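The structure file work_1.pdb is reproduced below (PDB, C-alpha atoms and all ligand atoms).
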ATOM      1  CA  MET A 712       0.000   0.000   0.000
ATOM      2  CA  ILE A 713       1.337   3.381  -1.035
ATOM      3  CA  ALA A 714      -0.384   6.010   1.128
ATOM      4  CA  THR A 715      -0.277   9.587  -0.179
ATOM      5  CA  GLY A 716      -2.871  11.494   1.906
ATOM      6  CA  GLY A 717      -6.268  12.791   0.733
ATOM      7  CA  THR A 718      -9.617  12.987   2.509
ATOM      8  CA  ILE A 719      -9.451   9.277   3.277
ATOM      9  CA  ALA A 720      -6.609  10.060   5.713
ATOM     10  CA  SER A 721      -7.842  13.488   6.799
ATOM     11  CA  LYS A 722      -8.802  14.976  10.133
ATOM     12  CA  ASN A 723     -10.234  18.359  10.984
ATOM     13  CA  THR A 724      -7.301  20.567  11.877
ATOM     14  CA  GLY A 725      -9.426  23.537  12.918
ATOM     15  CA  ALA A 726      -8.284  25.267   9.709
ATOM     16  CA  GLY A 727     -10.138  22.756   7.479
ATOM     17  CA  LEU A 728      -9.662  19.092   6.636
ATOM     18  CA  ALA A 729      -6.073  18.001   6.039
ATOM     19  CA  PRO A 730      -4.415  14.582   5.737
ATOM     20  CA  ALA A 731      -3.207  13.388   9.164
ATOM     21  CA  MET A 732      -3.634   9.598   9.460
ATOM     22  CA  SER A 733      -0.719   7.254   8.828
ATOM     23  CA  ALA A 734      -0.958   4.283   6.481
ATOM     24  CA  LYS A 735      -0.964   1.968   9.517
ATOM     25  CA  GLU A 736      -3.864   3.858  11.129
ATOM     26  CA  LEU A 737      -5.813   3.607   7.861
ATOM     27  CA  LEU A 738      -5.230  -0.122   7.560
ATOM     28  CA  ALA A 739      -6.293  -0.602  11.199
ATOM     29  CA  CYS A 740      -9.754   0.771  10.220
ATOM     30  CA  VAL A 741     -10.300  -2.220   7.898
ATOM     31  CA  PRO A 742      -9.166  -5.346   9.779
ATOM     32  CA  GLU A 743     -10.720  -7.709   7.179
ATOM     33  CA  ILE A 744      -7.921  -6.777   4.729
ATOM     34  CA  ALA A 745      -5.537  -8.890   6.848
ATOM     35  CA  GLU A 746      -7.666 -11.986   6.053
ATOM     36  CA  LEU A 747      -7.194 -11.350   2.329
ATOM     37  CA  CYS A 748      -3.491 -10.579   1.969
ATOM     38  CA  ARG A 749      -0.313  -9.525   3.765
ATOM     39  CA  VAL A 750       0.173  -5.785   3.420
ATOM     40  CA  GLN A 751       3.305  -3.691   3.699
ATOM     41  CA  GLU A 752       2.894   0.031   3.588
ATOM     42  CA  VAL A 753       4.944   3.054   2.557
ATOM     43  CA  GLN A 754       4.024   6.706   2.825
ATOM     44  CA  PRO A 755       6.171   8.716   0.407
ATOM     45  CA  PHE A 756       4.246  11.950   1.147
ATOM     46  CA  THR A 757       1.058  13.073   2.872
ATOM     47  CA  LEU A 758      -0.794  15.616   0.755
ATOM     48  CA  ASP A 759      -4.164  16.980  -0.108
ATOM     49  CA  SER A 760      -4.166  15.786  -3.720
ATOM     50  CA  THR A 761      -4.624  19.405  -4.834
ATOM     51  CA  ASN A 762      -0.849  19.589  -4.318
ATOM     52  CA  ILE A 763       0.032  16.544  -6.400
ATOM     53  CA  ARG A 764       1.950  17.013  -9.656
ATOM     54  CA  ALA A 765       4.303  15.263 -12.070
ATOM     55  CA  GLU A 766       7.151  14.762  -9.557
ATOM     56  CA  HIS A 767       4.774  12.811  -7.267
ATOM     57  CA  TRP A 768       3.621  10.564 -10.131
ATOM     58  CA  LEU A 769       7.269   9.763 -10.876
ATOM     59  CA  GLU A 770       7.840   8.995  -7.195
ATOM     60  CA  ILE A 771       4.861   6.603  -7.003
ATOM     61  CA  ALA A 772       5.861   4.896 -10.278
ATOM     62  CA  GLY A 773       9.452   4.632  -8.982
ATOM     63  CA  ILE A 774       8.264   2.806  -5.845
ATOM     64  CA  ILE A 775       6.204   0.405  -7.970
ATOM     65  CA  GLU A 776       9.184  -0.252 -10.255
ATOM     66  CA  ARG A 777      11.613  -0.864  -7.343
ATOM     67  CA  GLU A 778       9.191  -3.130  -5.453
ATOM     68  CA  TYR A 779       7.582  -4.801  -8.468
ATOM     69  CA  ASP A 780       9.048  -8.258  -7.991
ATOM     70  CA  ARG A 781       8.389  -8.383  -4.235
ATOM     71  CA  PHE A 782       4.627  -7.811  -4.343
ATOM     72  CA  ASP A 783       1.594  -9.198  -6.170
ATOM     73  CA  GLY A 784      -0.189  -5.839  -6.401
ATOM     74  CA  PHE A 785      -0.150  -2.195  -5.318
ATOM     75  CA  VAL A 786      -2.928  -0.152  -3.678
ATOM     76  CA  VAL A 787      -2.420   3.613  -3.788
ATOM     77  CA  THR A 788      -4.532   5.675  -1.367
ATOM     78  CA  HIS A 789      -4.995   9.178  -2.739
ATOM     79  CA  GLY A 790      -7.166  12.280  -2.535
ATOM     80  CA  THR A 791     -10.075  12.261  -4.958
ATOM     81  CA  ASP A 792      -9.483  15.708  -6.483
ATOM     82  CA  THR A 793      -6.572  14.712  -8.732
ATOM     83  CA  MET A 794      -6.895  10.929  -8.490
ATOM     84  CA  ALA A 795      -7.980  10.668 -12.136
ATOM     85  CA  TYR A 796      -4.815  12.526 -13.225
ATOM     86  CA  THR A 797      -2.639  10.213 -11.103
ATOM     87  CA  ALA A 798      -4.448   7.138 -12.442
ATOM     88  CA  ALA A 799      -3.871   8.310 -16.018
ATOM     89  CA  ALA A 800      -0.231   9.288 -15.321
ATOM     90  CA  LEU A 801       0.483   5.859 -13.787
ATOM     91  CA  SER A 802      -1.167   4.211 -16.817
ATOM     92  CA  TYR A 803       1.551   5.855 -18.973
ATOM     93  CA  LEU A 804       4.445   5.393 -16.535
ATOM     94  CA  VAL A 805       3.702   1.713 -15.775
ATOM     95  CA  GLN A 806       2.503   0.095 -19.008
ATOM     96  CA  ASN A 807       1.552  -3.477 -19.770
ATOM     97  CA  SER A 808       1.569  -4.492 -16.086
ATOM     98  CA  PRO A 809       0.279  -8.007 -15.352
ATOM     99  CA  LYS A 810       0.087  -6.972 -11.676
ATOM    100  CA  PRO A 811      -2.652  -4.589 -10.520
ATOM    101  CA  VAL A 812      -2.085  -0.983  -9.451
ATOM    102  CA  VAL A 813      -5.281   0.179  -7.728
ATOM    103  CA  LEU A 814      -6.079   3.742  -6.710
ATOM    104  CA  THR A 815      -8.688   4.522  -4.103
ATOM    105  CA  GLY A 816      -9.739   7.225  -1.667
ATOM    106  CA  SER A 817     -12.975   8.467  -0.159
ATOM    107  CA  GLN A 818     -15.367  11.370   0.026
ATOM    108  CA  LYS A 819     -15.431  11.253   3.850
ATOM    109  CA  SER A 820     -12.540  10.741   6.254
ATOM    110  CA  ALA A 821     -11.880   7.218   7.485
ATOM    111  CA  TYR A 822     -12.461   8.186  11.108
ATOM    112  CA  LEU A 823     -16.039   9.462  10.491
ATOM    113  CA  ARG A 824     -18.845   7.041  11.284
ATOM    114  CA  ASP A 825     -20.676   7.371   7.930
ATOM    115  CA  THR A 826     -17.467   7.230   5.871
ATOM    116  CA  ASP A 827     -17.082   5.504   2.502
ATOM    117  CA  ALA A 828     -13.374   4.984   3.273
ATOM    118  CA  ARG A 829     -13.629   1.530   4.829
ATOM    119  CA  LYS A 830     -15.668   0.088   1.954
ATOM    120  CA  ASN A 831     -13.457   1.678  -0.718
ATOM    121  CA  LEU A 832     -10.263   0.452   0.947
ATOM    122  CA  ALA A 833     -11.658  -3.067   1.456
ATOM    123  CA  ASP A 834     -12.876  -3.137  -2.182
ATOM    124  CA  ALA A 835      -9.516  -1.883  -3.476
ATOM    125  CA  PHE A 836      -7.685  -4.716  -1.723
ATOM    126  CA  ALA A 837     -10.339  -7.267  -2.753
ATOM    127  CA  TYR A 838      -9.897  -6.315  -6.418
ATOM    128  CA  CYS A 839      -6.107  -6.068  -6.097
ATOM    129  CA  ALA A 840      -5.907  -9.571  -4.594
ATOM    130  CA  ASP A 841      -8.156 -11.077  -7.285
ATOM    131  CA  GLU A 842      -6.755 -13.384  -9.970
ATOM    132  CA  GLY A 843      -8.421 -11.406 -12.778
ATOM    133  CA  ALA A 844      -6.936  -8.023 -11.815
ATOM    134  CA  SER A 845      -4.073  -6.370 -13.726
ATOM    135  CA  GLY A 846      -2.996  -2.903 -14.908
ATOM    136  CA  VAL A 847      -3.934   0.501 -13.493
ATOM    137  CA  HIS A 848      -7.487   1.070 -12.179
ATOM    138  CA  VAL A 849      -9.522   3.247  -9.841
ATOM    139  CA  VAL A 850     -11.763   1.390  -7.372
ATOM    140  CA  PHE A 851     -14.438   3.639  -5.927
ATOM    141  CA  ASP A 852     -17.991   3.125  -4.654
ATOM    142  CA  GLY A 853     -18.034  -0.479  -5.819
ATOM    143  CA  SER A 854     -16.854   0.228  -9.382
ATOM    144  CA  VAL A 855     -13.597  -0.739 -11.052
ATOM    145  CA  ILE A 856     -12.693   1.922 -13.625
ATOM    146  CA  LEU A 857      -9.832   1.855 -16.121
ATOM    147  CA  GLY A 858      -7.045   4.290 -15.121
ATOM    148  CA  THR A 859      -7.180   6.134 -18.454
ATOM    149  CA  ARG A 860     -10.976   6.498 -18.310
ATOM    150  CA  ALA A 861     -11.637   7.745 -14.777
ATOM    151  CA  LYS A 862     -12.982  11.232 -14.057
ATOM    152  CA  LYS A 863     -14.192  12.831 -10.856
ATOM    153  CA  THR A 864     -17.748  13.839 -11.746
ATOM    154  CA  ARG A 865     -19.231  14.558  -8.290
ATOM    155  CA  THR A 866     -17.766  16.598  -5.459
ATOM    156  CA  LYS A 867     -19.888  15.179  -2.617
ATOM    157  CA  SER A 868     -21.724  11.946  -3.458
ATOM    158  CA  TYR A 869     -20.105   8.587  -2.798
ATOM    159  CA  ASN A 870     -20.261   7.698  -6.503
ATOM    160  CA  ALA A 871     -17.687  10.400  -7.201
ATOM    161  CA  PHE A 872     -16.011   8.751 -10.232
ATOM    162  CA  SER A 873     -17.321   7.888 -13.673
ATOM    163  CA  SER A 874     -15.810   5.897 -16.483
ATOM    164  CA  ILE A 875     -15.907   8.181 -19.522
ATOM    165  CA  ASP A 876     -16.818   6.685 -22.910
ATOM    166  CA  TYR A 877     -15.877   3.203 -21.729
ATOM    167  CA  PRO A 878     -17.744   0.674 -19.544
ATOM    168  CA  ASP A 879     -16.796  -0.067 -15.946
ATOM    169  CA  ILE A 880     -14.430  -3.036 -15.881
ATOM    170  CA  ALA A 881     -16.091  -4.736 -12.902
ATOM    171  CA  VAL A 882     -18.313  -4.150  -9.882
ATOM    172  CA  LEU A 883     -17.639  -5.294  -6.344
ATOM    173  CA  ARG A 884     -20.473  -7.086  -4.607
ATOM    174  CA  ASP A 885     -19.944  -8.195  -0.992
ATOM    175  CA  GLY A 886     -16.226  -7.797  -1.464
ATOM    176  CA  LYS A 887     -15.982  -9.883  -4.658
ATOM    177  CA  PRO A 888     -15.311  -8.506  -8.130
ATOM    178  CA  PHE A 889     -17.725  -9.406 -10.945
ATOM    179  CA  TYR A 890     -16.203  -8.612 -14.312
ATOM    180  CA  TYR A 891     -18.051  -6.926 -17.164
ATOM    181  CA  ILE A 892     -14.885  -6.949 -19.258
ATOM    182  CA  ASP A 893     -12.182  -9.613 -19.379
ATOM    183  CA  GLU A 894      -9.006  -7.621 -19.694
ATOM    184  CA  GLU A 895      -5.944  -9.078 -21.322
ATOM    185  CA  LYS A 896      -3.118  -9.354 -18.789
ATOM    186  CA  GLY A 897       0.106  -7.633 -19.825
ATOM    187  CA  GLY A 898       3.152  -9.843 -20.398
ATOM    188  CA  SER A 899       5.859  -7.879 -18.633
ATOM    189  CA  PRO A 900       5.709  -4.291 -17.391
ATOM    190  CA  VAL A 901       7.396  -1.370 -19.117
ATOM    191  CA  PHE A 902       8.396   1.478 -16.793
ATOM    192  CA  TYR A 903       9.044   5.071 -17.839
ATOM    193  CA  ARG A 904      10.994   7.523 -15.678
ATOM    194  CA  THR A 905      10.470  10.907 -17.306
ATOM    195  CA  LEU A 906       7.631  13.368 -17.785
ATOM    196  CA  ASP A 907       7.726  16.878 -19.226
ATOM    197  CA  PRO A 908       5.655  19.001 -16.811
ATOM    198  CA  ASP A 909       5.727  22.060 -19.112
ATOM    199  CA  VAL A 910       2.300  21.403 -20.559
ATOM    200  CA  PHE A 911      -0.523  23.954 -20.431
ATOM    201  CA  VAL A 912      -4.294  23.516 -20.713
ATOM    202  CA  LEU A 913      -6.012  26.423 -22.461
ATOM    203  CA  LYS A 914      -9.744  26.375 -21.953
ATOM    204  CA  THR A 915     -11.505  28.431 -24.592
ATOM    205  CA  PHE A 916     -14.374  30.701 -23.546
ATOM    206  CA  PRO A 917     -16.384  33.250 -25.496
ATOM    207  CA  GLY A 918     -14.111  36.286 -25.869
ATOM    208  CA  ILE A 919     -10.743  34.558 -25.246
ATOM    209  CA  LYS A 920      -7.845  36.908 -26.151
ATOM    210  CA  PRO A 921      -4.824  35.927 -28.296
ATOM    211  CA  GLU A 922      -2.358  37.632 -25.885
ATOM    212  CA  ILE A 923      -2.377  34.457 -23.779
ATOM    213  CA  PHE A 924       0.160  33.201 -26.362
ATOM    214  CA  ASP A 925       2.700  35.783 -25.068
ATOM    215  CA  TYR A 926       2.945  33.500 -22.052
ATOM    216  CA  LEU A 927       2.464  30.162 -23.816
ATOM    217  CA  ASP A 928       5.204  30.850 -26.401
ATOM    218  CA  THR A 929       7.875  31.091 -23.713
ATOM    219  CA  HIS A 930       6.599  28.829 -20.931
ATOM    220  CA  CYS A 931       5.402  25.561 -22.392
ATOM    221  CA  ASP A 932       6.466  22.722 -24.665
ATOM    222  CA  GLY A 933       3.013  21.270 -25.159
ATOM    223  CA  LEU A 934      -0.456  22.804 -25.278
ATOM    224  CA  VAL A 935      -3.843  21.173 -24.805
ATOM    225  CA  VAL A 936      -6.642  23.376 -26.166
ATOM    226  CA  GLU A 937      -9.950  22.525 -24.519
ATOM    227  CA  SER A 938     -12.211  23.877 -27.236
ATOM    228  CA  PHE A 939     -15.979  23.989 -27.655
ATOM    229  CA  GLY A 940     -18.116  21.051 -28.838
ATOM    230  CA  ALA A 941     -16.681  18.999 -31.698
ATOM    231  CA  GLY A 942     -13.671  21.361 -31.731
ATOM    232  CA  GLY A 943     -12.523  24.608 -33.299
ATOM    233  CA  LEU A 944     -11.059  28.025 -32.574
ATOM    234  CA  PRO A 945     -12.860  31.379 -32.656
ATOM    235  CA  ASP A 946     -11.913  33.708 -35.489
ATOM    236  CA  TYR A 947     -13.430  36.965 -34.128
ATOM    237  CA  GLY A 948     -12.997  38.633 -37.531
ATOM    238  CA  ASP A 949      -9.208  39.061 -37.402
ATOM    239  CA  GLY A 950      -8.045  35.412 -37.119
ATOM    240  CA  ALA A 951      -5.533  36.479 -34.442
ATOM    241  CA  LEU A 952      -5.875  33.246 -32.428
ATOM    242  CA  PHE A 953      -5.136  31.185 -35.556
ATOM    243  CA  GLU A 954      -2.044  33.326 -36.259
ATOM    244  CA  ARG A 955      -0.740  32.941 -32.719
ATOM    245  CA  LEU A 956      -1.348  29.190 -32.802
ATOM    246  CA  LYS A 957       0.574  28.987 -36.083
ATOM    247  CA  GLY A 958       3.466  30.884 -34.454
ATOM    248  CA  PHE A 959       3.407  28.544 -31.451
ATOM    249  CA  LEU A 960       3.557  25.471 -33.708
ATOM    250  CA  SER A 961       6.379  26.954 -35.784
ATOM    251  CA  LYS A 962       8.567  26.832 -32.652
ATOM    252  CA  GLY A 963       8.407  23.010 -32.812
ATOM    253  CA  LYS A 964       5.914  22.740 -29.947
ATOM    254  CA  THR A 965       3.117  20.195 -29.748
ATOM    255  CA  VAL A 966      -0.584  21.092 -29.765
ATOM    256  CA  VAL A 967      -3.500  18.790 -28.947
ATOM    257  CA  PHE A 968      -7.117  19.802 -29.439
ATOM    258  CA  THR A 969      -9.777  18.338 -27.192
ATOM    259  CA  THR A 970     -13.282  19.329 -26.166
ATOM    260  CA  GLN A 971     -14.655  20.713 -22.924
ATOM    261  CA  VAL A 972     -17.702  18.468 -23.369
ATOM    262  CA  GLU A 973     -17.391  15.519 -20.969
ATOM    263  CA  ARG A 974     -18.438  12.696 -23.283
ATOM    264  CA  GLU A 975     -18.135  11.473 -26.887
ATOM    265  CA  GLY A 976     -14.937  13.370 -27.696
ATOM    266  CA  SER A 977     -13.857  15.816 -30.377
ATOM    267  CA  ALA A 978     -14.303  15.637 -34.162
ATOM    268  CA  LEU A 979     -12.186  18.526 -35.413
ATOM    269  CA  ASP A 980     -12.947  18.131 -39.109
ATOM    270  CA  THR A 981     -16.712  18.549 -38.687
ATOM    271  CA  TYR A 982     -16.966  22.353 -38.778
ATOM    272  CA  GLU A 983     -15.143  25.059 -40.677
ATOM    273  CA  VAL A 984     -13.912  26.542 -37.331
ATOM    274  CA  GLY A 985     -12.147  23.241 -36.722
ATOM    275  CA  ARG A 986     -11.035  22.259 -40.216
ATOM    276  CA  LYS A 987      -9.376  25.684 -40.677
ATOM    277  CA  LEU A 988      -6.919  24.680 -37.933
ATOM    278  CA  ARG A 989      -5.280  22.208 -40.303
ATOM    279  CA  ALA A 990      -3.702  25.161 -42.142
ATOM    280  CA  CYS A 991      -1.890  26.278 -38.928
ATOM    281  CA  GLY A 992       0.421  23.251 -38.817
ATOM    282  CA  ARG A 993       0.264  19.763 -37.393
ATOM    283  CA  ILE A 994      -2.458  19.613 -34.751
ATOM    284  CA  LEU A 995      -3.160  16.438 -32.804
ATOM    285  CA  GLU A 996      -6.634  15.517 -31.707
ATOM    286  CA  ALA A 997      -7.507  13.831 -28.392
ATOM    287  CA  ARG A 998     -10.776  12.441 -29.798
ATOM    288  CA  CYS A 999     -12.413  10.406 -26.991
ATOM    289  CA  MET A1000      -9.574  10.699 -24.456
ATOM    290  CA  THR A1001     -10.391  12.272 -21.091
ATOM    291  CA  LEU A1002      -8.700  15.589 -20.304
ATOM    292  CA  GLU A1003      -6.785  13.831 -17.504
ATOM    293  CA  ALA A1004      -5.431  11.236 -19.938
ATOM    294  CA  THR A1005      -4.716  13.899 -22.587
ATOM    295  CA  VAL A1006      -2.647  16.088 -20.240
ATOM    296  CA  THR A1007      -0.652  13.269 -18.640
ATOM    297  CA  LYS A1008      -0.096  11.487 -21.954
ATOM    298  CA  LEU A1009       1.285  14.682 -23.484
ATOM    299  CA  MET A1010       3.628  15.059 -20.458
ATOM    300  CA  TRP A1011       4.702  11.451 -20.944
ATOM    301  CA  ALA A1012       5.154  11.711 -24.741
ATOM    302  CA  LEU A1013       7.184  14.952 -24.455
ATOM    303  CA  GLY A1014       9.177  13.348 -21.637
ATOM    304  CA  GLN A1015      10.372  10.662 -24.078
ATOM    305  CA  ALA A1016      10.746  12.563 -27.367
ATOM    306  CA  ARG A1017      10.050  15.737 -29.347
ATOM    307  CA  GLY A1018       8.366  16.552 -32.640
ATOM    308  CA  ALA A1019       7.055  13.766 -34.848
ATOM    309  CA  GLU A1020       8.261  11.048 -32.463
ATOM    310  CA  ALA A1021       6.366  12.571 -29.512
ATOM    311  CA  GLU A1022       3.281  12.941 -31.727
ATOM    312  CA  GLU A1023       3.478   9.293 -32.694
ATOM    313  CA  LEU A1024       3.718   8.304 -29.000
ATOM    314  CA  PHE A1025       0.739  10.500 -28.164
ATOM    315  CA  LEU A1026      -1.488   8.949 -30.827
ATOM    316  CA  ARG A1027      -0.532   5.338 -30.055
ATOM    317  CA  PRO A1028      -3.265   3.754 -27.865
ATOM    318  CA  VAL A1029      -2.217   2.924 -24.297
ATOM    319  CA  GLY A1030      -4.618   1.201 -21.899
ATOM    320  CA  LYS A1031      -7.686   1.759 -24.123
ATOM    321  CA  ASP A1032      -7.267   5.530 -23.807
ATOM    322  CA  ILE A1033      -8.027   6.416 -27.447
ATOM    323  CA  PHE A1034     -10.056   4.844 -30.245
TER     324      PHE A1034
HETATM  325  N1  LIG A1101      -9.158  17.660  -1.275
HETATM  326  C1  LIG A1101      -9.161  16.227  -1.096
HETATM  327  C2  LIG A1101      -7.999  15.645  -1.880
HETATM  328  O1  LIG A1101      -8.109  15.520  -3.064
HETATM  329  C3  LIG A1101     -10.477  15.654  -1.532
HETATM  330  C4  LIG A1101     -10.616  14.167  -1.343
HETATM  331  O2  LIG A1101      -9.698  13.416  -1.102
HETATM  332  O3  LIG A1101     -11.780  13.682  -1.492
HETATM  333  O4  LIG A1101      -6.990  15.339  -1.319
END
Can you give me the file's structure in the form of structure tokens?
Amino acid sequence: MIATGGTIASKNTGAGLAPAMSAKELLACVPEIAELCRVQEVQPFTLDSTNIRAEHWLEIAGIIEREYDRFDGFVVTHGTDTMAYTAAALSYLVQNSPKPVVLTGSQKSAYLRDTDARKNLADAFAYCADEGASGVHVVFDGSVILGTRAKKTRTKSYNAFSSIDYPDIAVLRDGKPFYYIDEEKGGSPVFYRTLDPDVFVLKTFPGIKPEIFDYLDTHCDGLVVESFGAGGLPDYGDGALFERLKGFLSKGKTVVFTTQVEREGSALDTYEVGRKLRACGRILEARCMTLEATVTKLMWALGQARGAEAEELFLRPVGKDIF
């Protein structure tokens, strides 16, 4: 078990909830886990997941790589706010894993009486210890969701996570997984040790100004444009945003277009506002990938290569992230 903080481990500090429980204290809340498997725990950091970023994903993946041969599976306890980003990042950093890496957390602290923490933790270990489990997944509120497909879609309810444009892999009933999808187990894992954190997400909104590129041109290697609907860029009569995007691409940087609509993905060639982008240079399209997968995959691709090679890595499917 790799404990990283989050609400699941939080207590009220007087200045708001903050992670305070140790991994051992958390495990002690769910004694039935000991009947299922032997658990060793590490706690590389204790954070509200708001504070988690690329360096933490590399640290978690590094622990998994170092300890891979000693354990049959890995449960990562994590705050819910950025859990989907961590799940996606780990899906790129630890590929083709025949052993399961399972992320879980809770909406209410483990020490509260009506908490979802005990069930989520018990379910995470039950899935992790199951013969059929492999690869990176989120286990939450009885659902097993693919790491590249998870998204936090509710801030308060126990069913906080949804699987976007892909079915749940399994459900847990009375602590046993029932599979909807038989996943192919990876042969041997491939670990990656680098990410490029200099990626920016530009959400378009009516009236967006081109001057944002003054910053983007000098501060990032990769850009994800979260555009409207099927995808496109506003022209506003002067085409300034198109010009600035062209300039950004001419510096050898990578641009991915996605949509701010939660489901069904982008289709950039549908409308003139989207098709016109093709004249700006080579633009990648995230299609049905989640934003979390798009951002972390771009960090991963740019961490391994630049230019055409990074683009090829980005478009290659990993863990059913793109169709
Ligand atoms: N702010 C918390 C976190 O992400 C929320 C949670 O865990 O549910 O760490």
- Item | Expansion of the PyMOL selection byres (((not hetatm)) within 9 of (chain A and resi 1101)) into residues, as a PyMOL selection string | chain A and resi 715-721+728-730+758-763+789-794+816-820+866-867+871
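Between Val805 of chain A and the residues A:Lys914, A:Arg904, A:Arg955, A:Arg749, the shortest atom-to-atom distance, using only C-alpha atoms, involves A:Arg904.
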Taking all atoms listed in the file into account, produce a table as JSON lines in which each residue of segment 882-937 of chain A with an atom at most 7 Å from an atom of segment 958-967 of chain A appears once, together with its shortest atom pair and the distance in Å to one decimal, ordered by chain and rising number.
{"residue": "A:Asp928", "atom": "CA", "partner": "A:Phe959", "partner_atom": "CA", "distance": 5.8}
{"residue": "A:Asp932", "atom": "CA", "partner": "A:Lys964", "partner_atom": "CA", "distance": 5.3}
{"residue": "A:Gly933", "atom": "CA", "partner": "A:Thr965", "partner_atom": "CA", "distance": 4.7}
{"residue": "A:Leu934", "atom": "CA", "partner": "A:Val966", "partner_atom": "CA", "distance": 4.8}
{"residue": "A:Val935", "atom": "CA", "partner": "A:Val967", "partner_atom": "CA", "distance": 4.8}
{"residue": "A:Val936", "atom": "CA", "partner": "A:Val967", "partner_atom": "CA", "distance": 6.2}
- Task: Output the residue selection produced by the PyMOL selection byres (((chain A and resi 896) around 6) and not hetatm) on the file above, formatted as a PyMOL selection string.
- Result: chain A and resi 809+845+895+897
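Interatomic distance, atom CA of Gly1030 of chain A to atom CA of Ser802 of chain A: 6.8 Å.
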Taking a cut-off of 7 Å and counting all atoms listed in the file, can you build a table that, for each residue of segment 764-840 of chain A near segment 853-863 of chain A, reports the nearest atom pair and how far apart they are in Å (one decimal), sorted by chain then residue number, as a tab-separated table?
residue	atom	partner	partner_atom	distance
A:Ala795	CA	A:Ala861	CA	5.4
A:Ala798	CA	A:Gly858	CA	4.7
A:Ala799	CA	A:Thr859	CA	4.6
A:Ser802	CA	A:Gly858	CA	6.1
A:Asp834	CA	A:Gly853	CA	6.8
- Carefully work through the PyMOL selection byres (((chain A and resi 973) around 12) and not hetatm) for this structure and note down the residues it includes, as a list of chain:residue names. A:Arg860, A:Ala861, A:Lys862, A:Lys863, A:Thr864, A:Ser873, A:Ser874, A:Ile875, A:Asp876, A:Glu937, A:Ser938, A:Phe939, A:Gly940, A:Ala941, A:Thr969, A:Thr970, A:Gln971, A:Val972, A:Arg974, A:Glu975, A:Gly976, A:Ser977, A:Arg998, A:Cys999, A:Met1000, A:Thr1001, A:Leu1002, A:Glu1003
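Minimum atom-to-atom distance to Glu983 of chain A, evaluated using all atoms listed in the file, belongs to A:Gly943 out of A:Pro888, A:Pro917, A:Gly943, A:Gly898.
With all atoms listed in the file as the atoms that count, the minimum distance from Ala745 of chain A to the choices A:Ala837, A:Val847, A:Leu988, A:Leu956 is reached by A:Ala837.
Between atom CA of Gly784 of chain A and atom CA of Val812 of chain A there is a distance of 6.0 Å.
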- From the list A:Ala821, A:Ala840, A:Val910, A:Ala835, the nearest residue to Leu1009 of chain A using all atoms listed in the file is A:Val910
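Between Glu954 of chain A and the residues A:Gly992, A:Pro878, A:Gly985, A:Gly942, the shortest atom-to-atom distance, using all atoms listed in the file, involves A:Gly992.
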- Which residue out of A:Asn807, A:Thr905, A:Asn723, A:Asn870 has the minimum interatomic distance to Glu770 of chain A when only C-alpha atoms are used? A:Thr905
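Pairwise distance (atom CA of Arg1017 of chain A, atom CA of Lys957 of chain A) equals 17.6 Å.
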